[in-house]
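Asks: model_14.cif (mmCIF, N, CA and C atoms) pasted underneath:
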```
data_work
#
loop_
_atom_site.label_atom_id
_atom_site.label_comp_id
_atom_site.auth_asym_id
_atom_site.auth_seq_id
_atom_site.Cartn_x
_atom_site.Cartn_y
_atom_site.Cartn_z
N ALA A 277 -27.14 -22.26 10.67
CA ALA A 277 -26.64 -22.77 9.41
C ALA A 277 -27.68 -23.66 8.73
N GLY A 278 -28.90 -23.66 9.24
CA GLY A 278 -29.95 -24.43 8.61
C GLY A 278 -30.00 -25.89 9.01
N LEU A 279 -29.26 -26.29 10.04
CA LEU A 279 -29.27 -27.68 10.48
C LEU A 279 -30.18 -27.86 11.69
N ASN A 280 -30.71 -29.05 11.83
CA ASN A 280 -31.42 -29.42 13.05
C ASN A 280 -30.36 -29.87 14.06
N THR A 281 -30.58 -29.58 15.34
CA THR A 281 -29.58 -29.94 16.35
C THR A 281 -30.22 -30.46 17.62
N THR A 282 -29.46 -31.28 18.32
CA THR A 282 -29.79 -31.66 19.69
C THR A 282 -28.50 -31.61 20.49
N GLN A 283 -28.62 -31.44 21.80
CA GLN A 283 -27.46 -31.47 22.67
C GLN A 283 -27.85 -32.16 23.97
N LYS A 284 -27.01 -33.11 24.37
CA LYS A 284 -27.21 -33.81 25.64
C LYS A 284 -25.90 -33.66 26.42
N ASN A 285 -25.98 -33.11 27.63
CA ASN A 285 -24.79 -32.89 28.45
C ASN A 285 -24.77 -33.85 29.63
N GLU A 286 -23.58 -34.24 30.00
CA GLU A 286 -23.37 -35.07 31.18
C GLU A 286 -22.26 -34.43 32.00
N TYR A 287 -22.57 -34.09 33.24
CA TYR A 287 -21.59 -33.47 34.13
C TYR A 287 -21.18 -34.48 35.19
N ASN A 288 -19.97 -34.28 35.73
CA ASN A 288 -19.56 -35.17 36.81
C ASN A 288 -20.31 -34.82 38.09
N ILE A 289 -19.96 -35.43 39.16
CA ILE A 289 -20.71 -35.32 40.40
C ILE A 289 -20.75 -33.91 40.97
N THR A 290 -19.76 -33.08 40.66
CA THR A 290 -19.76 -31.71 41.17
C THR A 290 -20.71 -30.89 40.32
N VAL A 291 -21.83 -30.59 40.85
CA VAL A 291 -22.97 -30.01 40.15
C VAL A 291 -22.58 -28.90 39.18
N LEU A 292 -22.73 -29.20 37.90
CA LEU A 292 -22.50 -28.28 36.81
C LEU A 292 -21.12 -27.61 36.85
N ARG A 293 -20.15 -28.27 37.39
CA ARG A 293 -18.78 -27.76 37.40
C ARG A 293 -17.85 -28.88 36.96
N GLY A 294 -16.68 -28.50 36.52
CA GLY A 294 -15.69 -29.49 36.14
C GLY A 294 -15.92 -29.98 34.73
N HIS A 295 -15.30 -31.09 34.42
CA HIS A 295 -15.36 -31.64 33.07
C HIS A 295 -16.77 -32.13 32.75
N SER A 296 -17.09 -32.10 31.47
CA SER A 296 -18.40 -32.60 31.05
C SER A 296 -18.24 -33.31 29.71
N ILE A 297 -19.26 -34.03 29.36
CA ILE A 297 -19.35 -34.65 28.05
C ILE A 297 -20.58 -34.07 27.39
N SER A 298 -20.42 -33.55 26.19
CA SER A 298 -21.55 -33.05 25.42
C SER A 298 -21.69 -33.88 24.17
N GLU A 299 -22.88 -34.38 23.94
CA GLU A 299 -23.18 -35.12 22.72
C GLU A 299 -24.07 -34.25 21.86
N LEU A 300 -23.59 -33.93 20.67
CA LEU A 300 -24.32 -33.06 19.75
C LEU A 300 -24.68 -33.83 18.50
N ILE A 301 -25.86 -33.57 18.02
CA ILE A 301 -26.26 -34.11 16.71
C ILE A 301 -26.56 -32.90 15.83
N LEU A 302 -25.93 -32.88 14.67
CA LEU A 302 -26.20 -31.87 13.65
C LEU A 302 -26.68 -32.63 12.43
N SER A 303 -27.85 -32.28 11.92
CA SER A 303 -28.43 -33.05 10.83
C SER A 303 -29.26 -32.17 9.92
N GLU A 304 -29.21 -32.48 8.63
CA GLU A 304 -30.09 -31.80 7.69
C GLU A 304 -31.52 -32.33 7.79
N GLU A 305 -31.66 -33.53 8.35
CA GLU A 305 -32.97 -34.17 8.51
C GLU A 305 -33.49 -33.94 9.93
N PRO A 306 -34.80 -34.05 10.14
CA PRO A 306 -35.33 -33.97 11.51
C PRO A 306 -34.70 -35.06 12.39
N ILE A 307 -34.46 -34.72 13.65
CA ILE A 307 -33.83 -35.65 14.59
C ILE A 307 -34.92 -36.25 15.46
N GLU A 308 -35.04 -37.55 15.40
CA GLU A 308 -36.09 -38.23 16.17
C GLU A 308 -35.56 -38.94 17.40
N TYR A 309 -34.23 -39.13 17.47
CA TYR A 309 -33.63 -39.80 18.62
C TYR A 309 -32.33 -39.07 18.95
N ALA A 310 -32.19 -38.63 20.20
CA ALA A 310 -31.04 -37.80 20.59
C ALA A 310 -29.84 -38.61 21.09
N GLY A 311 -29.94 -39.92 21.08
CA GLY A 311 -28.80 -40.74 21.51
C GLY A 311 -27.78 -40.90 20.40
N ILE A 312 -26.53 -41.05 20.77
CA ILE A 312 -25.46 -41.23 19.79
C ILE A 312 -24.76 -42.55 20.11
N GLU A 313 -24.85 -43.48 19.19
CA GLU A 313 -24.19 -44.76 19.38
C GLU A 313 -22.87 -44.84 18.62
N ARG A 314 -22.82 -44.23 17.43
CA ARG A 314 -21.62 -44.24 16.60
C ARG A 314 -21.38 -42.83 16.06
N PRO A 315 -20.61 -42.03 16.78
CA PRO A 315 -20.39 -40.65 16.34
C PRO A 315 -19.54 -40.57 15.09
N ASP A 316 -19.70 -39.49 14.36
CA ASP A 316 -18.86 -39.22 13.20
C ASP A 316 -17.58 -38.49 13.60
N VAL A 317 -17.66 -37.70 14.69
CA VAL A 317 -16.52 -36.93 15.18
C VAL A 317 -16.51 -36.96 16.70
N ILE A 318 -15.32 -37.07 17.27
CA ILE A 318 -15.13 -36.94 18.72
C ILE A 318 -14.06 -35.90 18.95
N LEU A 319 -14.32 -34.95 19.84
CA LEU A 319 -13.32 -33.99 20.27
C LEU A 319 -12.82 -34.47 21.62
N ALA A 320 -11.63 -35.06 21.64
CA ALA A 320 -11.06 -35.63 22.86
C ALA A 320 -10.21 -34.57 23.55
N LEU A 321 -10.85 -33.84 24.47
CA LEU A 321 -10.21 -32.68 25.09
C LEU A 321 -9.86 -32.89 26.55
N SER A 322 -10.37 -33.96 27.18
CA SER A 322 -10.02 -34.24 28.57
C SER A 322 -9.93 -35.75 28.78
N GLN A 323 -8.98 -36.14 29.61
CA GLN A 323 -8.81 -37.56 29.89
C GLN A 323 -10.03 -38.13 30.59
N GLU A 324 -10.63 -37.35 31.47
CA GLU A 324 -11.81 -37.83 32.19
C GLU A 324 -12.94 -38.19 31.24
N GLY A 325 -13.20 -37.34 30.26
CA GLY A 325 -14.27 -37.61 29.30
C GLY A 325 -13.98 -38.85 28.48
N VAL A 326 -12.73 -39.01 28.03
CA VAL A 326 -12.35 -40.20 27.27
C VAL A 326 -12.50 -41.44 28.13
N ASP A 327 -12.05 -41.37 29.38
CA ASP A 327 -12.15 -42.53 30.27
C ASP A 327 -13.60 -42.92 30.52
N ARG A 328 -14.49 -41.95 30.61
CA ARG A 328 -15.90 -42.25 30.86
C ARG A 328 -16.59 -42.85 29.64
N ARG A 329 -16.01 -42.67 28.46
CA ARG A 329 -16.57 -43.24 27.24
C ARG A 329 -15.64 -44.29 26.62
N ARG A 330 -14.74 -44.84 27.40
CA ARG A 330 -13.74 -45.81 26.93
C ARG A 330 -14.35 -46.92 26.06
N PRO A 331 -15.45 -47.56 26.45
CA PRO A 331 -16.01 -48.64 25.61
C PRO A 331 -16.44 -48.17 24.21
N LEU A 332 -16.80 -46.91 24.07
CA LEU A 332 -17.24 -46.37 22.79
C LEU A 332 -16.13 -46.46 21.74
N PHE A 333 -14.89 -46.24 22.14
CA PHE A 333 -13.78 -46.16 21.19
C PHE A 333 -13.54 -47.48 20.45
N ALA A 334 -13.76 -48.60 21.11
CA ALA A 334 -13.54 -49.91 20.47
C ALA A 334 -14.45 -50.11 19.27
N GLY A 335 -15.64 -49.53 19.29
CA GLY A 335 -16.60 -49.75 18.22
C GLY A 335 -16.62 -48.66 17.15
N LEU A 336 -15.70 -47.72 17.23
CA LEU A 336 -15.69 -46.64 16.24
C LEU A 336 -15.28 -47.16 14.87
N ARG A 337 -15.88 -46.58 13.85
CA ARG A 337 -15.56 -46.95 12.46
C ARG A 337 -14.29 -46.23 12.02
N SER A 338 -13.66 -46.72 10.97
CA SER A 338 -12.43 -46.10 10.47
C SER A 338 -12.69 -44.70 9.90
N LYS A 339 -13.93 -44.40 9.52
CA LYS A 339 -14.23 -43.07 8.99
C LYS A 339 -14.57 -42.06 10.09
N THR A 340 -14.64 -42.51 11.34
CA THR A 340 -14.86 -41.58 12.45
C THR A 340 -13.60 -40.78 12.67
N ARG A 341 -13.73 -39.47 12.83
CA ARG A 341 -12.59 -38.59 13.07
C ARG A 341 -12.52 -38.26 14.55
N VAL A 342 -11.36 -38.46 15.16
CA VAL A 342 -11.12 -38.07 16.55
C VAL A 342 -10.07 -36.96 16.54
N LEU A 343 -10.44 -35.78 17.05
CA LEU A 343 -9.49 -34.70 17.23
C LEU A 343 -9.03 -34.77 18.68
N GLN A 344 -7.73 -34.90 18.88
CA GLN A 344 -7.18 -35.21 20.19
C GLN A 344 -6.09 -34.22 20.58
N VAL A 345 -6.21 -33.65 21.78
CA VAL A 345 -5.13 -32.83 22.32
C VAL A 345 -4.04 -33.75 22.88
N PRO A 346 -2.78 -33.33 22.89
CA PRO A 346 -1.69 -34.19 23.35
C PRO A 346 -1.82 -34.64 24.81
N GLU A 347 -2.57 -33.91 25.60
CA GLU A 347 -2.73 -34.25 27.02
C GLU A 347 -3.62 -35.47 27.25
N VAL A 348 -4.26 -35.95 26.21
CA VAL A 348 -5.22 -37.05 26.33
C VAL A 348 -4.66 -38.31 25.66
N THR A 349 -4.80 -39.43 26.36
CA THR A 349 -4.43 -40.74 25.82
C THR A 349 -5.70 -41.49 25.45
N LEU A 350 -5.74 -41.98 24.23
CA LEU A 350 -6.93 -42.69 23.75
C LEU A 350 -6.78 -44.19 23.90
N PRO A 351 -7.89 -44.89 24.13
CA PRO A 351 -7.85 -46.35 24.09
C PRO A 351 -7.73 -46.81 22.63
N PRO A 352 -7.42 -48.08 22.41
CA PRO A 352 -7.33 -48.57 21.03
C PRO A 352 -8.63 -48.31 20.26
N THR A 353 -8.48 -47.90 19.00
CA THR A 353 -9.63 -47.59 18.15
C THR A 353 -9.22 -47.68 16.69
N ARG A 354 -10.21 -47.92 15.83
CA ARG A 354 -9.98 -47.92 14.38
C ARG A 354 -10.20 -46.53 13.79
N ALA A 355 -10.64 -45.58 14.60
CA ALA A 355 -10.97 -44.24 14.12
C ALA A 355 -9.73 -43.53 13.58
N GLU A 356 -9.98 -42.55 12.74
CA GLU A 356 -8.92 -41.69 12.21
C GLU A 356 -8.59 -40.65 13.28
N ILE A 357 -7.37 -40.65 13.78
CA ILE A 357 -6.99 -39.77 14.87
C ILE A 357 -6.14 -38.62 14.33
N SER A 358 -6.52 -37.41 14.71
CA SER A 358 -5.77 -36.22 14.32
C SER A 358 -5.44 -35.43 15.57
N GLY A 359 -4.18 -35.05 15.69
CA GLY A 359 -3.76 -34.25 16.84
C GLY A 359 -4.04 -32.78 16.63
N ILE A 360 -4.44 -32.11 17.70
CA ILE A 360 -4.58 -30.65 17.69
C ILE A 360 -3.89 -30.14 18.95
N ASP A 361 -2.88 -29.31 18.79
CA ASP A 361 -2.11 -28.81 19.93
C ASP A 361 -2.54 -27.38 20.23
N LEU A 362 -3.58 -27.25 21.01
CA LEU A 362 -4.15 -25.94 21.31
C LEU A 362 -3.29 -25.17 22.29
N ARG A 363 -2.64 -25.87 23.19
CA ARG A 363 -1.79 -25.21 24.19
C ARG A 363 -0.66 -24.44 23.49
N SER A 364 -0.12 -25.00 22.40
CA SER A 364 0.98 -24.33 21.69
C SER A 364 0.55 -23.00 21.09
N LEU A 365 -0.75 -22.82 20.88
CA LEU A 365 -1.27 -21.55 20.38
C LEU A 365 -1.64 -20.59 21.50
N GLY A 366 -1.44 -21.02 22.73
CA GLY A 366 -1.79 -20.18 23.87
C GLY A 366 -3.27 -20.20 24.20
N VAL A 367 -3.99 -21.22 23.72
CA VAL A 367 -5.42 -21.33 24.02
C VAL A 367 -5.58 -21.92 25.41
N LYS A 368 -6.34 -21.25 26.24
CA LYS A 368 -6.59 -21.71 27.61
C LYS A 368 -7.53 -22.92 27.59
N PRO A 369 -7.35 -23.86 28.52
CA PRO A 369 -8.20 -25.06 28.54
C PRO A 369 -9.70 -24.77 28.53
N GLN A 370 -10.14 -23.69 29.17
CA GLN A 370 -11.57 -23.39 29.18
C GLN A 370 -12.08 -22.99 27.79
N ASP A 371 -11.18 -22.70 26.86
CA ASP A 371 -11.56 -22.33 25.50
C ASP A 371 -11.32 -23.46 24.50
N TRP A 372 -10.87 -24.62 24.96
CA TRP A 372 -10.52 -25.71 24.06
C TRP A 372 -11.71 -26.21 23.24
N ALA A 373 -12.89 -26.25 23.81
CA ALA A 373 -14.05 -26.76 23.05
C ALA A 373 -14.31 -25.89 21.83
N LEU A 374 -14.35 -24.59 22.02
CA LEU A 374 -14.58 -23.68 20.89
C LEU A 374 -13.42 -23.77 19.90
N ALA A 375 -12.20 -23.81 20.41
CA ALA A 375 -11.02 -23.90 19.55
C ALA A 375 -11.04 -25.20 18.74
N ALA A 376 -11.47 -26.29 19.37
CA ALA A 376 -11.53 -27.57 18.67
C ALA A 376 -12.58 -27.53 17.55
N LEU A 377 -13.64 -26.77 17.74
CA LEU A 377 -14.62 -26.62 16.66
C LEU A 377 -14.01 -25.89 15.47
N ALA A 378 -13.14 -24.93 15.73
CA ALA A 378 -12.45 -24.25 14.63
C ALA A 378 -11.53 -25.23 13.90
N ALA A 379 -10.83 -26.09 14.65
CA ALA A 379 -9.98 -27.10 14.02
C ALA A 379 -10.83 -28.08 13.21
N LEU A 380 -12.00 -28.44 13.74
CA LEU A 380 -12.91 -29.31 13.00
C LEU A 380 -13.39 -28.62 11.72
N ALA A 381 -13.72 -27.34 11.82
CA ALA A 381 -14.18 -26.59 10.65
C ALA A 381 -13.11 -26.59 9.55
N LYS A 382 -11.86 -26.58 9.96
CA LYS A 382 -10.78 -26.59 8.96
C LYS A 382 -10.76 -27.88 8.16
N THR A 383 -11.28 -28.97 8.73
CA THR A 383 -11.35 -30.24 8.00
C THR A 383 -12.50 -30.23 6.99
N ASP A 384 -13.42 -29.26 7.14
CA ASP A 384 -14.62 -29.15 6.31
C ASP A 384 -15.48 -30.40 6.40
N ARG A 385 -15.48 -31.01 7.58
CA ARG A 385 -16.34 -32.15 7.88
C ARG A 385 -17.32 -31.73 8.95
N ILE A 386 -18.56 -32.00 8.76
CA ILE A 386 -19.64 -31.69 9.70
C ILE A 386 -19.95 -30.20 9.71
N ILE A 387 -18.96 -29.36 10.03
CA ILE A 387 -19.19 -27.91 10.05
C ILE A 387 -18.12 -27.22 9.21
N SER A 388 -18.47 -26.03 8.74
CA SER A 388 -17.52 -25.19 8.01
C SER A 388 -17.23 -23.96 8.87
N MET A 389 -16.23 -23.22 8.49
CA MET A 389 -15.92 -22.00 9.23
C MET A 389 -17.05 -20.98 9.10
N ASP A 390 -17.70 -20.93 7.93
CA ASP A 390 -18.84 -20.02 7.78
C ASP A 390 -19.97 -20.39 8.74
N MET A 391 -20.21 -21.69 8.91
CA MET A 391 -21.25 -22.14 9.84
C MET A 391 -20.88 -21.75 11.28
N LEU A 392 -19.61 -21.92 11.64
CA LEU A 392 -19.17 -21.59 12.99
C LEU A 392 -19.28 -20.09 13.24
N ARG A 393 -18.85 -19.29 12.30
CA ARG A 393 -18.99 -17.82 12.44
C ARG A 393 -20.46 -17.42 12.60
N ALA A 394 -21.33 -18.02 11.78
CA ALA A 394 -22.76 -17.69 11.85
C ALA A 394 -23.34 -18.06 13.21
N ALA A 395 -22.96 -19.22 13.73
CA ALA A 395 -23.46 -19.65 15.04
C ALA A 395 -22.99 -18.71 16.15
N LEU A 396 -21.73 -18.32 16.09
CA LEU A 396 -21.21 -17.40 17.12
C LEU A 396 -21.89 -16.04 17.03
N THR A 397 -22.13 -15.58 15.82
CA THR A 397 -22.78 -14.28 15.62
C THR A 397 -24.23 -14.33 16.11
N ALA A 398 -24.89 -15.45 15.95
CA ALA A 398 -26.27 -15.58 16.43
C ALA A 398 -26.33 -15.67 17.95
N ARG A 399 -25.27 -16.18 18.57
CA ARG A 399 -25.30 -16.45 20.01
C ARG A 399 -24.72 -15.32 20.86
N PHE A 400 -23.67 -14.66 20.37
CA PHE A 400 -22.94 -13.68 21.19
C PHE A 400 -23.00 -12.29 20.60
N ARG A 401 -22.65 -11.32 21.40
CA ARG A 401 -22.62 -9.91 20.98
C ARG A 401 -21.35 -9.24 21.52
N ASP A 402 -21.05 -8.12 20.93
CA ASP A 402 -20.03 -7.19 21.39
C ASP A 402 -18.68 -7.85 21.69
N GLU A 403 -18.14 -7.61 22.90
CA GLU A 403 -16.80 -8.08 23.24
C GLU A 403 -16.69 -9.60 23.25
N VAL A 404 -17.74 -10.28 23.70
CA VAL A 404 -17.71 -11.74 23.75
C VAL A 404 -17.65 -12.31 22.34
N LEU A 405 -18.43 -11.75 21.44
CA LEU A 405 -18.40 -12.18 20.05
C LEU A 405 -17.03 -11.91 19.44
N ALA A 406 -16.50 -10.74 19.65
CA ALA A 406 -15.19 -10.39 19.09
C ALA A 406 -14.12 -11.34 19.59
N SER A 407 -14.16 -11.65 20.87
CA SER A 407 -13.18 -12.56 21.47
C SER A 407 -13.32 -13.98 20.89
N ALA A 408 -14.55 -14.46 20.76
CA ALA A 408 -14.79 -15.80 20.22
C ALA A 408 -14.34 -15.88 18.77
N LEU A 409 -14.67 -14.88 17.97
CA LEU A 409 -14.27 -14.87 16.57
C LEU A 409 -12.75 -14.80 16.43
N GLN A 410 -12.12 -14.01 17.27
CA GLN A 410 -10.65 -13.92 17.24
C GLN A 410 -10.02 -15.28 17.55
N LEU A 411 -10.57 -15.98 18.53
CA LEU A 411 -10.05 -17.29 18.90
C LEU A 411 -10.20 -18.29 17.75
N VAL A 412 -11.39 -18.38 17.17
CA VAL A 412 -11.60 -19.38 16.12
C VAL A 412 -10.78 -19.05 14.87
N GLU A 413 -10.62 -17.78 14.56
CA GLU A 413 -9.80 -17.40 13.40
C GLU A 413 -8.34 -17.77 13.64
N LYS A 414 -7.86 -17.54 14.85
CA LYS A 414 -6.47 -17.89 15.19
C LYS A 414 -6.23 -19.38 15.04
N VAL A 415 -7.13 -20.19 15.57
CA VAL A 415 -6.98 -21.64 15.49
C VAL A 415 -7.12 -22.10 14.05
N TYR A 416 -8.10 -21.57 13.35
CA TYR A 416 -8.35 -21.97 11.96
C TYR A 416 -7.13 -21.70 11.07
N LYS A 417 -6.49 -20.58 11.29
CA LYS A 417 -5.33 -20.21 10.46
C LYS A 417 -4.06 -20.96 10.85
N ASN A 418 -3.93 -21.30 12.12
CA ASN A 418 -2.64 -21.80 12.61
C ASN A 418 -2.61 -23.24 13.09
N GLN A 419 -3.74 -23.88 13.22
CA GLN A 419 -3.72 -25.21 13.83
C GLN A 419 -4.73 -26.13 13.16
N GLY A 420 -4.38 -26.66 12.05
CA GLY A 420 -5.24 -27.67 11.46
C GLY A 420 -4.94 -29.01 12.07
N PRO A 421 -5.92 -29.89 12.12
CA PRO A 421 -5.66 -31.24 12.62
C PRO A 421 -4.59 -31.91 11.77
N ARG A 422 -3.72 -32.64 12.43
CA ARG A 422 -2.69 -33.38 11.71
C ARG A 422 -2.76 -34.83 12.11
N ARG A 423 -2.58 -35.69 11.15
CA ARG A 423 -2.54 -37.12 11.45
C ARG A 423 -1.20 -37.41 12.08
N ASP A 424 -1.22 -38.03 13.23
CA ASP A 424 0.01 -38.32 13.94
C ASP A 424 -0.17 -39.65 14.67
N PRO A 425 0.34 -40.73 14.14
CA PRO A 425 0.13 -42.02 14.78
C PRO A 425 0.80 -42.13 16.14
N LYS A 426 1.70 -41.21 16.48
CA LYS A 426 2.37 -41.27 17.78
C LYS A 426 1.53 -40.71 18.90
N ILE A 427 0.52 -39.91 18.58
CA ILE A 427 -0.30 -39.30 19.63
C ILE A 427 -1.27 -40.33 20.16
#
```
Just give me the structure as structure tokens.
Replies:
Amino acid sequence: AGLNTTQKNEYNITVLRGHSISELILSEEPIEYAGIERPDVILALSQEGVDRRRPLFAGLRSKTRVLQVPEVTLPPTRAEISGIDLRSLGVKPQDWALAALAALAKTDRIISMDMLRAALTARFRDEVLASALQLVEKVYKNQGPRRDPKI
């Protein structure tokens, strides 16, 4: 989509298995530092990941968007919290990250659906591409983030 990107992954003690935290930077400008101190968006998809970044939430700005599945409890934060119920759409937990990107694309913040489709098309082929596109279209059409102060 014409953006510069970096990705930093952190896995738990079980070597490259289980929950992980991925920090992504998408920028129109060159990226000179890959650390993220104040994210614009957080996809809160697992309790373990939220717990490992608990101190981060206290310093979030009110314009930071957090997309949160109902299975996750967030610490106090000033961020804008939007619920996304992926399980209700029949999305399997291993597909939640991709599905959450489709929900993010629906907000038209950071990424658009056209950008997500282009990235998937550049990365995958054949049945895997068809499956990924089907998933993101399903989520995009049926599950937009909703503001819910009870979540």
Asks: How many Å separate atom C of Ser296 in chain A from atom N of Gly325 in chain A?
Replies: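 Value for the atom C of Ser296 in chain A-atom N of Gly325 in chain A distance: 6.5 Å.
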Asks: I would like the residues chosen by the PyMOL selection byres ((chain A and resi 374-389) around 6) on the shown file; could you give them as an MDAnalysis selection string?
Replies: chainID A and resid 371:373 390:394 411:412 415:416 419:421
Asks: Please list as an NGL selection string every residue within 8 Å of Lys284 in chain A, counting only N, CA and C atoms and excluding residues in the same chain fewer than 6 positions away.
Replies: :A and (297-301 or 310)
Asks: Measure the distance from CA of Gln344 in chain A to CA of Arg328 in chain A in Å and round it to one decimal.
Replies: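 These two atoms are separated by 15.5 Å.
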Asks: Applied to the shown file, which residues does the PyMOL selection byres ((chain A and resi 349) around 8) return, written as a ChimeraX atom specification?
Replies: /A:320,322-323,326-327,344-348,350-352,427
Asks: Can you list, as an MDAnalysis selection string, every residue of range 344-403 of chain A that DSSP puts in strand (DSSP E or B)?
Replies: chainID A and resid 344 356:359
Asks: Calculate how many Å separate CA of Ile357 in chain A from CA of Glu308 in chain A, rounding to one decimal.
Replies: 29.2 Å
Asks: Here is a test: counting only C-alpha atoms, which residue of A:Asp316, A:Ser358, A:Glu324, A:Ala277 is nearest to Lys339 in chain A?
Replies: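 Of A:Asp316, A:Ser358, A:Glu324, A:Ala277, the one nearest Lys339 in chain A, counting only C-alpha atoms, is A:Asp316.
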Asks: If you run DSSP over the backbone, which residues in range 282-351 of chain A end up alpha helix (DSSP H)? Put them as a list in words.
Replies: Gln323, Glu324, Gly325, Val326, Asp327, Arg328, Arg330, Pro331, Leu332, Phe333 and Ala334 of chain A
Asks: Could you spell out the hits of the PyMOL selection byres ((chain A and resi 340) around 6) on the shown file, as number ranges by chain?
Replies: A: 315-317, 336-339, 341-342, 355-356
Asks: Between A:Phe333, A:Lys414, A:Leu302, A:Ile312, single out the one closest to Gly366 in chain A, counting only C-alpha atoms.
Replies: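 Among A:Phe333, A:Lys414, A:Leu302, A:Ile312, it is A:Lys414 that comes nearest to Gly366 in chain A.
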Asks: Looking at A:Ala395, A:Ile307, A:Leu279, A:Leu321, which one is nearest to Ile360 in chain A, with distances taken over only C-alpha atoms?
Replies: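 Nearest to Ile360 in chain A: A:Leu321.
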